[in-house]
Amino acid sequence: MSRITLSRFLIEQQRSANLLPAELRFLIETVARACKAISHAVNKGALAGVLGEAGTGNIQGEAQKKLDVIANDVLLEANEWGGSLAGMASEEMDLPYAIPGQYPKGAYLLLFDPLDGSSNIDVNISVGTIFSVLRCPDGVTEPTEADFLQPGSRQVAAGYTLYGPQTMLVLTVGNGVNGFTLDRETGSFVLTHPGMRVPAETREFAINMSNQRHWEAPVRRYIGELLAGATGPRGKDYNMRWVASMVAEVHRILTRGGVFMYPKDARDPKKPGKLRLLYEGNPMAWLIEQAGGAATNGRERILDIVPTELHERVAVFLGSKEEVETVTRYHAE
Ligand code: AHM
Ligand code: MG
């Protein structure tokens with residue numbers, strides 16, 4: 001059987017589903033190419049001297065790793081010249097990145113977390129790149145922060161690249177979720193996981209239990225029920241996983257089901273959660289919904305939230321539908 005590469009898959013989507021204008025196809029291919037370069041740097045690790053701290057901080061007050069900075073630069077450089085973007089925004093940059101004046105501007109906005117889970121880099125555990133594509137508002141050629149503040153339901157493409165035992169790119173353009181594995185010999189992403197679906201039934205959850213004392217009551221109640229196991233109200237035993245890399249957790253859920261939570265907590269009462277809405281919550285929520293799961297902030301669908309800031313935080317409950325609906329219902333009661 002002939003292999004379906006990402007390029008062929010995107011061209012076939014463009015022809016059949018009419019979901020993919022050529023400019024958007026080019027943009028996705030460019031992001032994929034950048035992710036190959038990031039994968040290469042991540043794989044080389046200490047051999048290339050890329051581990052450890054960069055000695056700088058980002059806008060969120062987090063210490064940047066060398067690979068955070070490298071991945072951000074790779075994505076900016078790969079995407080600035082192609083003519084499909086009006087602007088970019090990143091977890092690692094305070095303000096939106098303007099496309100340099102010598103390049104043509106396009107119809108889209110690209111948002112990304114260049115290297116999510118970067119506390120895992122130095123210990124050789126999976127990390128990933130998360131990205132989201134929005135349309136730039138009509139007539140805008142110099143987008144400002146306000147132009148990026150669109151609800152996730154307006155995304156036109158979203159995905160992640162997981163740098164794990166295999167490098168995999170998982171993508172949606174609103175027509176289901178498809179997974180591609182990087183073949184290092186040919187340099188191509190090959191369709192290996194067509195039509196990914198979140199299994200409805202699960203016995204697995206992911207949450208950072210060390211924050212338990214800071215959670216709100218509905219989260220305590222829900223997790224308490226899961227921990228009670230077969231003799232508790234849920235009538236079954238649950239297993240727990242916590243990689244501390246959202247990309248790896250979402251990938252596990254897209255593969256074998258489960259529920260992932262990063263709730264609001266009392267450590268910083270002003271923040272609605274730890275994860276960022278525009279380039280973590282939204283793309284992951286759309287992928288999970290496109291795969292038949294659900295994603296809320298405990299109160300409403302993540303994709304319906306109208307953002308007010310570029311680096312806005314969001315509480316996240318995503319995965320198998322029944323579990324997400326249960327914990328969301330507990331927030332309403
Ligand atoms: P980052 O974008 O700074 O890497 O932070 C996001 C990561 C997620 O990948 C992961 O789910 C979470 O932070 C882990 O947090 P914790 O340190 O509480 O385990
Ligand atoms: Mg992140």
# chains A, B, ... in the order shown; residues from 1 in each chain; ligands from 1
>>> select_by_dssp(residues="stretch 12-248 of chain A", states="strand (DSSP E)", output="count of residues only")
64
>>> closest_atom_pairs(of="stretch 132-241 of chain A", to="stretch 9-17 of chain A", cutoff="12 Å", atoms="only C-alpha atoms", output="JSON lines")
{"residue": "A:Ala157", "atom": "CA", "partner": "A:Leu10", "partner_atom": "CA", "distance": 11.7}
{"residue": "A:Leu171", "atom": "CA", "partner": "A:Leu10", "partner_atom": "CA", "distance": 10.5}
{"residue": "A:Thr172", "atom": "CA", "partner": "A:Leu10", "partner_atom": "CA", "distance": 10.8}
{"residue": "A:Val173", "atom": "CA", "partner": "A:Gln13", "partner_atom": "CA", "distance": 9.1}
{"residue": "A:Gly174", "atom": "CA", "partner": "A:Ala17", "partner_atom": "CA", "distance": 10.0}
{"residue": "A:Asn175", "atom": "CA", "partner": "A:Ala17", "partner_atom": "CA", "distance": 8.2}
{"residue": "A:Gly176", "atom": "CA", "partner": "A:Gln13", "partner_atom": "CA", "distance": 11.4}
{"residue": "A:Asn178", "atom": "CA", "partner": "A:Phe9", "partner_atom": "CA", "distance": 9.6}
{"residue": "A:Gly179", "atom": "CA", "partner": "A:Phe9", "partner_atom": "CA", "distance": 10.9}
{"residue": "A:Phe180", "atom": "CA", "partner": "A:Phe9", "partner_atom": "CA", "distance": 9.9}
{"residue": "A:Ser188", "atom": "CA", "partner": "A:Phe9", "partner_atom": "CA", "distance": 11.8}
{"residue": "A:Phe189", "atom": "CA", "partner": "A:Phe9", "partner_atom": "CA", "distance": 10.1}
{"residue": "A:Val190", "atom": "CA", "partner": "A:Phe9", "partner_atom": "CA", "distance": 9.0}
{"residue": "A:Leu191", "atom": "CA", "partner": "A:Phe9", "partner_atom": "CA", "distance": 7.8}
{"residue": "A:Thr192", "atom": "CA", "partner": "A:Phe9", "partner_atom": "CA", "distance": 11.4}
{"residue": "A:Pro194", "atom": "CA", "partner": "A:Phe9", "partner_atom": "CA", "distance": 10.3}
>>> residues_near_ligand(ligand="ligand 1", cutoff="8 Å", atoms="only C-alpha atoms and all ligand atoms", output="compact mmCIF listing (two decimals) with N, CA and C atoms, in the first residue's frame")
# COMPACT_ATOMS: atom_id res chain seq x y z
N GLU A 62 8.28 32.75 33.79
CA GLU A 62 8.86 31.41 33.86
C GLU A 62 10.27 31.46 33.28
N GLU A 91 3.76 31.64 23.38
CA GLU A 91 3.89 31.63 24.84
C GLU A 91 5.17 32.34 25.27
N ASP A 113 2.62 27.35 21.38
CA ASP A 113 3.52 27.10 22.52
C ASP A 113 4.66 26.30 21.91
N LEU A 115 7.46 24.93 22.88
CA LEU A 115 7.91 23.69 23.53
C LEU A 115 7.18 23.53 24.85
N ASP A 116 6.07 22.83 24.78
CA ASP A 116 5.26 22.64 25.98
C ASP A 116 5.82 21.50 26.84
N GLY A 117 5.72 21.70 28.16
CA GLY A 117 6.22 20.67 29.08
C GLY A 117 7.72 20.75 29.24
N SER A 118 8.27 21.97 29.07
CA SER A 118 9.72 22.06 28.96
C SER A 118 10.47 21.75 30.26
N SER A 119 9.73 21.59 31.39
CA SER A 119 10.42 21.12 32.61
C SER A 119 10.92 19.69 32.39
N VAL A 127 8.21 16.04 25.26
CA VAL A 127 7.73 17.43 25.19
C VAL A 127 7.00 17.58 23.86
N ASN A 208 -2.48 16.79 38.58
CA ASN A 208 -1.35 16.92 39.51
C ASN A 208 -1.89 16.86 40.94
N ASN A 211 -1.49 19.20 44.14
CA ASN A 211 -2.22 20.46 44.34
C ASN A 211 -3.58 20.25 45.00
N TRP A 242 0.53 11.02 35.27
CA TRP A 242 0.84 12.45 35.19
C TRP A 242 2.23 12.61 34.59
N VAL A 243 2.28 12.98 33.31
CA VAL A 243 3.57 13.14 32.64
C VAL A 243 4.13 14.54 32.87
N ALA A 244 3.23 15.50 33.18
CA ALA A 244 3.58 16.92 33.25
C ALA A 244 3.98 17.48 31.89
N SER A 245 3.50 16.84 30.83
CA SER A 245 3.60 17.35 29.45
C SER A 245 2.20 17.22 28.87
N MET A 246 1.52 18.35 28.71
CA MET A 246 0.13 18.26 28.24
C MET A 246 0.02 17.54 26.90
N VAL A 247 1.02 17.74 26.03
CA VAL A 247 0.97 17.10 24.72
C VAL A 247 0.96 15.58 24.88
N ALA A 248 1.79 15.06 25.78
CA ALA A 248 1.82 13.62 25.99
C ALA A 248 0.52 13.12 26.61
N GLU A 249 -0.06 13.91 27.52
CA GLU A 249 -1.33 13.49 28.16
C GLU A 249 -2.45 13.47 27.12
N TYR A 262 -6.44 20.32 34.50
CA TYR A 262 -5.61 21.29 35.22
C TYR A 262 -6.56 22.38 35.72
N LYS A 274 -3.69 27.21 35.25
CA LYS A 274 -2.27 27.37 34.90
C LYS A 274 -2.09 27.49 33.39
N LEU A 275 -2.85 26.71 32.64
CA LEU A 275 -2.59 26.61 31.20
C LEU A 275 -3.15 27.83 30.48
N ARG A 276 -2.59 28.09 29.32
CA ARG A 276 -2.99 29.27 28.55
C ARG A 276 -4.08 28.91 27.55
N GLU A 280 -2.81 26.71 24.19
CA GLU A 280 -2.80 25.39 24.84
C GLU A 280 -4.25 24.88 24.93
>>> closest_residue(among="A:Leu110, A:Val140, A:Leu318, A:Ile4", to="A:Ser84", atoms="only C-alpha atoms")
A:Leu110
>>> residues_around(residues="stretch 251-254 of chain A", least_positions_apart="4", cutoff="7 Å", atoms="only C-alpha atoms", output="list in words")
Met196, Arg197, Val198, Val247, Gly258, Val259 and Gly319 of chain A
>>> select_by_dssp(residues="stretch 39-286 of chain A", states="helix (DSSP H, G or I)", output="ChimeraX atom specification")
/A:39-48,66-79,118-123,145-148,152-154,209-214,217-231,246-256,277-286
>>> closest_residue(among="A:Ala54, A:Phe131, A:Met93, A:Ala98", to="A:Ala34", atoms="only C-alpha atoms")
A:Phe131
>>> residues_around(residues="A:Gln64", least_positions_apart="4", cutoff="8 Å", atoms="only C-alpha atoms", output="NGL selection string")
:A and (53-58 or 68-69)
>>> residues_around(residues="stretch 212-227 of chain A", least_positions_apart="5", cutoff="8 Å", atoms="only C-alpha atoms", output="ChimeraX atom specification")
/A:232-234,237-238,263-267,326-327,330-331
>>> closest_residue(among="A:Ile28, A:Arg241, A:Glu23, A:Arg313", to="ligand 2", atoms="only C-alpha atoms and all ligand atoms")
A:Arg313
>>> closest_residue(among="A:Gly281, A:Ser39, A:Asp73, A:Pro137", to="ligand 2", atoms="only C-alpha atoms and all ligand atoms")
A:Gly281
>>> atom_distance(atom1="atom CA of A:Tyr108", atom2="atom CA of A:Asn297")
26.4 Å
>>> closest_residue(among="A:Thr161, A:Thr30, A:Ser2, A:Thr255", to="A:Leu75", atoms="only C-alpha atoms")
A:Thr30
>>> atom_distance(atom1="atom CA of A:Ala285", atom2="atom CA of A:Thr167")
21.1 Å
>>> residues_around(residues="A:Thr308", least_positions_apart="5", cutoff="10 Å", atoms="only C-alpha atoms", output="list in words")
Glu145, Ala146, Phe148, Leu149, Gln150 and Pro151 of chain A
